[in-house]
>>> print(open('run-v4.txt').read())   # compact mmCIF, C-alpha atoms
# COMPACT_ATOMS: atom_id res chain seq x y z
CA ARG O 1 0.00 0.00 0.00
CA ASP O 2 2.75 2.45 0.95
CA SER O 3 4.72 1.67 -2.19
CA SER O 4 1.69 2.32 -4.41
CA ILE O 5 1.09 5.68 -2.73
CA LEU O 6 4.72 6.64 -3.22
CA ASN O 7 4.58 5.67 -6.87
CA LEU O 8 1.57 7.85 -7.72
CA PRO O 9 3.42 11.22 -7.78
CA ALA O 10 6.20 9.73 -9.89
CA ALA O 11 3.68 8.44 -12.43
CA THR O 12 1.92 11.82 -12.50
CA MET O 13 5.20 13.68 -13.00
CA THR O 14 6.17 11.32 -15.82
CA THR O 15 2.85 11.92 -17.59
CA ALA O 16 3.21 15.69 -17.21
CA ALA O 17 6.79 15.62 -18.48
CA LEU O 18 5.74 13.52 -21.47
CA SER O 19 2.83 15.86 -22.29
CA TRP O 20 4.86 19.07 -21.97
CA GLY O 21 7.81 17.65 -23.88
CA CYS O 22 5.64 16.48 -26.77
CA ALA O 23 3.77 19.79 -26.79
CA PHE O 24 7.05 21.71 -27.07
CA LEU O 25 8.18 19.37 -29.83
CA ALA O 26 4.97 19.79 -31.85
CA PHE O 27 4.34 23.52 -31.40
CA SER O 28 7.85 24.97 -31.07
CA PRO O 29 8.45 25.69 -34.82
CA SER O 30 5.14 27.49 -35.29
CA LEU O 31 5.36 29.41 -32.02
CA SER O 32 8.97 30.42 -32.67
CA LEU O 33 8.14 31.85 -36.09
CA LEU O 34 4.99 33.47 -34.75
CA PHE O 35 6.66 35.38 -31.92
CA LEU O 36 10.05 36.05 -33.51
CA LEU O 37 8.85 37.02 -36.99
CA ALA O 38 5.11 37.58 -37.41
CA TYR O 39 4.30 39.17 -34.05
CA ARG O 40 6.26 42.34 -34.88
CA LYS O 41 4.10 43.33 -37.88
CA ALA O 42 0.32 43.57 -37.97
CA GLN O 43 0.10 42.55 -41.64
CA LEU O 44 2.02 39.34 -40.91
CA ILE O 45 -0.42 38.47 -38.13
CA ILE O 46 -3.25 38.89 -40.65
CA VAL O 47 -1.43 36.58 -43.08
CA VAL O 48 -0.92 33.96 -40.34
CA THR O 49 -4.59 34.10 -39.32
CA THR O 50 -5.88 33.92 -42.89
CA SER O 51 -3.65 30.99 -43.86
CA ALA O 52 -4.61 29.09 -40.70
CA PHE O 53 -8.29 29.70 -41.44
CA SER O 54 -7.88 28.46 -45.03
CA PHE O 55 -6.25 25.25 -43.73
CA LEU O 56 -9.15 24.81 -41.31
CA LEU O 57 -11.67 25.27 -44.13
CA ALA O 58 -9.81 22.72 -46.25
CA THR O 59 -9.93 20.21 -43.40
CA LEU O 60 -13.63 20.87 -42.87
CA LEU O 61 -14.36 20.38 -46.57
CA ALA O 62 -12.36 17.14 -46.60
CA SER O 63 -14.34 15.96 -43.56
CA LEU O 64 -17.60 16.61 -45.41
CA PHE O 65 -16.35 14.42 -48.27
CA TRP O 66 -15.42 11.76 -45.72
CA LEU O 67 -18.98 11.78 -44.33
CA ALA O 68 -20.35 11.20 -47.81
CA VAL O 69 -18.21 8.08 -48.29
CA PRO O 70 -20.01 4.84 -47.36
CA ALA O 71 -18.82 3.16 -44.18
CA SER O 72 -17.60 0.13 -46.12
CA HIS O 73 -15.15 2.28 -48.14
CA ARG O 74 -13.83 4.54 -45.36
CA SER O 75 -10.76 2.38 -44.87
CA ASN O 76 -9.83 2.67 -48.55
CA PRO O 77 -7.10 5.34 -48.95
CA PHE O 78 -7.94 5.86 -52.62
CA ALA O 79 -11.41 7.05 -51.61
CA LEU O 80 -10.15 9.46 -48.93
CA VAL O 81 -6.71 10.79 -49.90
CA PRO O 82 -7.53 12.35 -53.33
CA PRO O 83 -10.50 14.43 -52.04
CA ALA O 84 -8.42 15.65 -49.07
CA VAL O 85 -5.48 16.62 -51.28
CA THR O 86 -7.86 18.34 -53.73
CA CYS O 87 -9.47 20.34 -50.91
CA GLN O 88 -6.07 21.43 -49.64
CA PHE O 89 -5.01 22.42 -53.16
CA LEU O 90 -8.17 24.44 -53.86
CA LEU O 91 -8.15 26.27 -50.54
CA ARG O 92 -4.45 27.13 -50.78
CA CYS O 93 -4.95 28.45 -54.31
CA GLY O 94 -7.88 30.48 -52.97
CA PHE O 95 -5.67 31.87 -50.21
CA VAL O 96 -3.00 32.92 -52.75
CA HIS O 97 -5.67 34.52 -54.97
CA LEU O 98 -7.11 36.45 -52.03
CA TYR O 99 -3.57 37.44 -51.00
CA HIS O 100 -2.81 38.95 -54.41
CA ARG O 101 -6.17 40.75 -54.53
CA VAL O 102 -5.52 42.37 -51.15
CA GLU O 103 -2.03 43.32 -52.28
CA ALA O 104 -3.44 44.98 -55.42
CA VAL O 105 -6.01 46.90 -53.37
CA ILE O 106 -3.30 48.17 -51.01
CA ARG O 107 -1.12 49.26 -53.93
CA ARG O 108 -4.02 51.18 -55.50
CA SER O 109 -4.68 52.83 -52.15
CA ILE O 110 -1.02 53.83 -51.86
CA ARG O 111 -0.99 55.27 -55.40
CA LYS O 112 -4.15 57.24 -54.63
CA HIS O 113 -2.53 58.55 -51.46
CA GLU O 114 0.59 59.54 -53.40
CA ARG O 115 -1.46 61.47 -55.99
CA HIS O 116 -3.34 63.24 -53.22
CA GLU O 117 -0.12 64.19 -51.44
CA ALA O 118 1.44 65.35 -54.73
CA GLU O 119 -1.55 67.63 -55.38
CA LEU O 120 -1.28 69.09 -51.88
CA GLU O 121 2.45 69.63 -52.34
CA GLU O 122 1.86 71.36 -55.70
CA ARG O 123 -0.75 73.67 -54.17
CA ARG O 124 1.58 74.51 -51.30
CA ARG O 125 4.41 75.28 -53.73
CA GLN O 126 2.19 77.53 -55.82
CA ARG O 127 1.04 79.34 -52.70
CA GLU O 128 4.64 79.92 -51.63
CA GLU O 129 5.55 81.18 -55.10
CA ASP O 130 2.60 83.60 -55.08
CA GLU O 131 3.59 84.89 -51.66
CA ALA O 132 7.23 85.27 -52.78
CA GLY O 133 6.12 87.18 -55.89
CA ALA O 134 3.92 89.50 -53.82
CA ALA O 135 6.80 90.30 -51.41
CA PRO O 136 10.10 89.95 -53.36
CA ASN O 137 12.10 91.90 -50.83
CA GLU O 138 11.42 89.46 -48.03
CA GLY O 139 13.59 86.74 -49.57
CA SER O 140 12.69 83.58 -51.35
CA ALA O 141 11.26 80.66 -49.49
CA ILE O 142 13.41 77.56 -49.23
CA SER O 143 11.62 74.28 -49.72
CA PRO O 144 12.26 71.31 -47.40
CA ALA O 145 13.84 69.38 -50.29
CA GLU O 146 16.39 72.18 -50.87
CA ASN O 147 17.22 72.20 -47.18
CA GLY O 148 17.99 68.49 -47.26
CA VAL O 149 14.92 67.67 -45.16
CA PRO O 150 12.75 64.83 -46.55
CA SER O 151 9.21 65.71 -47.53
CA PRO O 152 6.55 64.69 -44.98
CA ALA O 153 4.47 63.18 -47.81
CA ILE O 154 7.34 60.91 -48.86
CA SER O 155 8.00 59.67 -45.35
CA GLU O 156 4.29 59.03 -44.79
CA THR O 157 4.05 57.06 -48.04
CA ALA O 158 7.06 55.00 -46.98
CA ARG O 159 5.27 54.11 -43.76
CA LEU O 160 2.16 53.05 -45.71
CA ARG O 161 4.09 50.90 -48.17
CA LEU O 162 3.60 47.32 -46.91
CA GLU O 163 6.06 44.70 -48.07
CA LEU O 164 3.54 41.97 -48.80
CA ASN O 165 5.31 39.99 -51.51
CA ASP O 166 8.53 39.00 -49.73
CA TRP O 167 10.03 36.11 -47.79
CA ALA O 168 8.59 37.25 -44.44
CA CYS O 169 5.02 36.92 -45.68
CA GLY O 170 5.82 33.50 -47.14
CA LEU O 171 7.08 32.34 -43.75
CA ALA O 172 4.02 33.88 -42.08
CA ALA O 173 1.69 31.95 -44.40
CA GLY O 174 3.61 28.75 -43.70
CA THR O 175 3.37 29.46 -39.97
CA GLY O 176 -0.41 29.65 -40.21
CA PHE O 177 -0.70 26.44 -42.22
CA GLY O 178 1.79 24.56 -40.05
CA GLY O 179 0.36 25.82 -36.77
CA MET O 180 -3.19 24.80 -37.64
CA HIS O 181 -1.91 21.44 -38.91
CA ALA O 182 -0.17 20.84 -35.57
CA ILE O 183 -3.28 21.82 -33.62
CA LEU O 184 -5.56 19.51 -35.59
CA LEU O 185 -3.12 16.59 -35.71
CA PHE O 186 -1.66 16.77 -32.20
CA GLY O 187 -3.82 19.14 -30.15
CA THR O 188 -6.84 16.85 -29.99
CA LEU O 189 -4.70 13.91 -28.83
CA LEU O 190 -2.94 16.08 -26.25
CA ALA O 191 -6.27 17.34 -24.90
CA SER O 192 -7.65 13.80 -24.64
CA GLU O 193 -4.66 12.65 -22.57
CA SER O 194 -4.48 15.69 -20.32
CA GLY O 195 -6.51 13.97 -17.58
CA GLN O 196 -5.67 10.95 -15.44
CA VAL O 197 -6.54 8.47 -18.18
CA GLY O 198 -3.08 7.05 -18.80
CA THR O 199 -0.88 7.08 -21.89
CA LEU O 200 -2.10 5.79 -25.24
CA TYR O 201 -0.06 3.17 -27.10
CA GLN O 202 -0.85 1.82 -30.55
CA ASP O 203 -0.60 -1.87 -31.40
CA SER O 204 1.49 -1.00 -34.46
CA CYS O 205 4.11 0.75 -32.28
CA PRO O 206 3.93 -0.61 -28.72
CA GLY O 207 7.32 0.80 -27.72
CA MET O 208 6.47 4.47 -28.32
CA PRO O 209 3.57 6.51 -26.89
CA SER O 210 1.15 7.94 -29.43
CA LEU O 211 1.93 11.42 -28.10
CA VAL O 212 5.56 11.13 -29.21
CA ASN O 213 4.59 9.77 -32.61
CA SER O 214 1.99 12.49 -33.25
CA ALA O 215 4.30 15.23 -31.95
CA THR O 216 7.05 14.07 -34.33
CA LEU O 217 4.64 14.12 -37.27
CA ALA O 218 3.32 17.55 -36.26
CA PHE O 219 6.87 18.91 -35.99
>>> encode(input="run-v4.txt", output="structure tokens")
Amino acid sequence: RDSSILNLPAATMTTAALSWGCAFLAFSPSLSLLFLLAYRKAQLIIVVTTSAFSFLLATLLASLFWLAVPASHRSNPFALVPPAVTCQFLLRCGFVHLYHRVEAVIRRSIRKHERHEAELEERRRQREEDEAGAAPNEGSAISPAENGVPSPAISETARLRLELNDWACGLAAGTGFGGMHAILLFGTLLASESGQVGTLYQDSCPGMPSLVNSATLAF
């Protein structure tokens, strides 16, 4: 009796260590890219969220196809794998199409802003020239560009110019896809073994817990 009581904390600590270790193994790539790269820019967070949502929609669509398959054919990979791959392909192409449409809208908005700022700058220059012509003895006005000071309109446009089509956004999109893949593949198994229900082992691999196997695949 005493030995069983003493062994309970050790078993609980082993289960907690296994769960936390597998969770770090499965989620560390996505979390590292999320906090080190995407978290610093708002547009990258939007890319991560959109790509993760598109992966979730693809999985949902593949699940609907799986429900339509008769129960006698659900173990046939040729009846399940092609629809799932097709759903992933279509939703990822839809994500890229939406990505390019948003990028085009932002570029048009930036060009409109640049034309508006150029018109304001031209009006300001004409006003300064009129004032200089009305009072020639007061000296000519020196523009910010002649003084070596950058124009406020140019600096504002530079702040609005979002670098959407670069390597950072590609990594952000991959972070969204990979993070949602890890959650769906490993998160459900981790949540099911979070209680005092023991550790799951598969008959095909009795020497390795299913948590380790799923965490390795999710990594």
>>> closest_residue(input="run-v4.txt", among="O:Ala71, O:Leu91, O:Ala168, O:His116", to="Ala52 of chain O", atoms="all atoms listed in the file")
O:Leu91
>>> atom_distance(input="run-v4.txt", atom1="atom CA of Phe27 of chain O", atom2="atom CA of Ala218 of chain O")
7.8 Å
>>> atom_distance(input="run-v4.txt", atom1="atom CA of Phe24 of chain O", atom2="atom CA of Thr216 of chain O")
10.5 Å
>>> atom_distance(input="run-v4.txt", atom1="atom CA of Val48 of chain O", atom2="atom CA of Phe186 of chain O")
19.0 Å
>>> closest_residue(input="run-v4.txt", among="O:Gln43, O:Gln88, O:Ser72, O:Thr15", to="Thr59 of chain O", atoms="all atoms listed in the file")
O:Gln88
>>> closest_residue(input="run-v4.txt", among="O:Ala23, O:Met208, O:Leu44, O:Leu217", to="Glu193 of chain O", atoms="only C-alpha atoms")
O:Ala23
>>> residues_near_point(input="run-v4.txt", point="(5.5, 29.6, -41.5)", cutoff="9 Å", atoms="only C-alpha atoms", output="ChimeraX atom specification")
/O:29-30,33-34,38,48,168-179
>>> closest_residue(input="run-v4.txt", among="O:Phe78, O:Phe55, O:Val47, O:Arg125", to="Val102 of chain O", atoms="only C-alpha atoms")
O:Val47
>>> closest_residue(input="run-v4.txt", among="O:Ala191, O:Met180, O:Ala79, O:Leu25", to="Asn213 of chain O", atoms="only C-alpha atoms")
O:Leu25
>>> residues_near_point(input="run-v4.txt", point="(2.9, 18.0, -21.7)", cutoff="12 Å", atoms="all atoms listed in the file", output="ChimeraX atom specification")
/O:12-27,186-187,189-195,199,211-212,215
>>> build_atoms(input="run-v4.txt", residues="segment 95-109 of chain O", atoms="N, CA and C atoms", output="PDB file, in the coordinates of the input")
ATOM      1  N   PHE O  95      -6.400  30.970 -51.108  1.00  0.00           N
ATOM      2  CA  PHE O  95      -5.670  31.870 -50.210  1.00  0.00           C
ATOM      3  C   PHE O  95      -4.683  32.745 -50.992  1.00  0.00           C
ATOM      4  N   VAL O  96      -3.952  32.143 -51.950  1.00  0.00           N
ATOM      5  CA  VAL O  96      -3.000  32.920 -52.750  1.00  0.00           C
ATOM      6  C   VAL O  96      -3.738  33.954 -53.604  1.00  0.00           C
ATOM      7  N   HIS O  97      -4.890  33.568 -54.173  1.00  0.00           N
ATOM      8  CA  HIS O  97      -5.670  34.520 -54.970  1.00  0.00           C
ATOM      9  C   HIS O  97      -6.155  35.681 -54.117  1.00  0.00           C
ATOM     10  N   LEU O  98      -6.674  35.383 -52.933  1.00  0.00           N
ATOM     11  CA  LEU O  98      -7.110  36.450 -52.030  1.00  0.00           C
ATOM     12  C   LEU O  98      -5.934  37.319 -51.605  1.00  0.00           C
ATOM     13  N   TYR O  99      -4.779  36.703 -51.392  1.00  0.00           N
ATOM     14  CA  TYR O  99      -3.570  37.440 -51.000  1.00  0.00           C
ATOM     15  C   TYR O  99      -3.185  38.469 -52.066  1.00  0.00           C
ATOM     16  N   HIS O 100      -3.190  38.042 -53.331  1.00  0.00           N
ATOM     17  CA  HIS O 100      -2.810  38.950 -54.410  1.00  0.00           C
ATOM     18  C   HIS O 100      -3.874  40.039 -54.621  1.00  0.00           C
ATOM     19  N   ARG O 101      -5.129  39.729 -54.407  1.00  0.00           N
ATOM     20  CA  ARG O 101      -6.170  40.750 -54.530  1.00  0.00           C
ATOM     21  C   ARG O 101      -6.011  41.817 -53.454  1.00  0.00           C
ATOM     22  N   VAL O 102      -5.736  41.398 -52.237  1.00  0.00           N
ATOM     23  CA  VAL O 102      -5.520  42.370 -51.150  1.00  0.00           C
ATOM     24  C   VAL O 102      -4.286  43.210 -51.432  1.00  0.00           C
ATOM     25  N   GLU O 103      -3.236  42.582 -51.944  1.00  0.00           N
ATOM     26  CA  GLU O 103      -2.030  43.320 -52.280  1.00  0.00           C
ATOM     27  C   GLU O 103      -2.292  44.368 -53.356  1.00  0.00           C
ATOM     28  N   ALA O 104      -3.102  44.024 -54.363  1.00  0.00           N
ATOM     29  CA  ALA O 104      -3.440  44.980 -55.420  1.00  0.00           C
ATOM     30  C   ALA O 104      -4.271  46.133 -54.868  1.00  0.00           C
ATOM     31  N   VAL O 105      -5.200  45.839 -53.969  1.00  0.00           N
ATOM     32  CA  VAL O 105      -6.010  46.900 -53.370  1.00  0.00           C
ATOM     33  C   VAL O 105      -5.146  47.859 -52.562  1.00  0.00           C
ATOM     34  N   ILE O 106      -4.189  47.319 -51.814  1.00  0.00           N
ATOM     35  CA  ILE O 106      -3.300  48.170 -51.010  1.00  0.00           C
ATOM     36  C   ILE O 106      -2.424  49.029 -51.915  1.00  0.00           C
ATOM     37  N   ARG O 107      -1.938  48.469 -53.006  1.00  0.00           N
ATOM     38  CA  ARG O 107      -1.120  49.260 -53.930  1.00  0.00           C
ATOM     39  C   ARG O 107      -1.922  50.383 -54.567  1.00  0.00           C
ATOM     40  N   ARG O 108      -3.176  50.103 -54.947  1.00  0.00           N
ATOM     41  CA  ARG O 108      -4.020  51.180 -55.500  1.00  0.00           C
ATOM     42  C   ARG O 108      -4.274  52.249 -54.457  1.00  0.00           C
ATOM     43  N   SER O 109      -4.468  51.844 -53.220  1.00  0.00           N
ATOM     44  CA  SER O 109      -4.680  52.830 -52.150  1.00  0.00           C
ATOM     45  C   SER O 109      -3.441  53.685 -51.942  1.00  0.00           C
TER      46      SER O 109
END
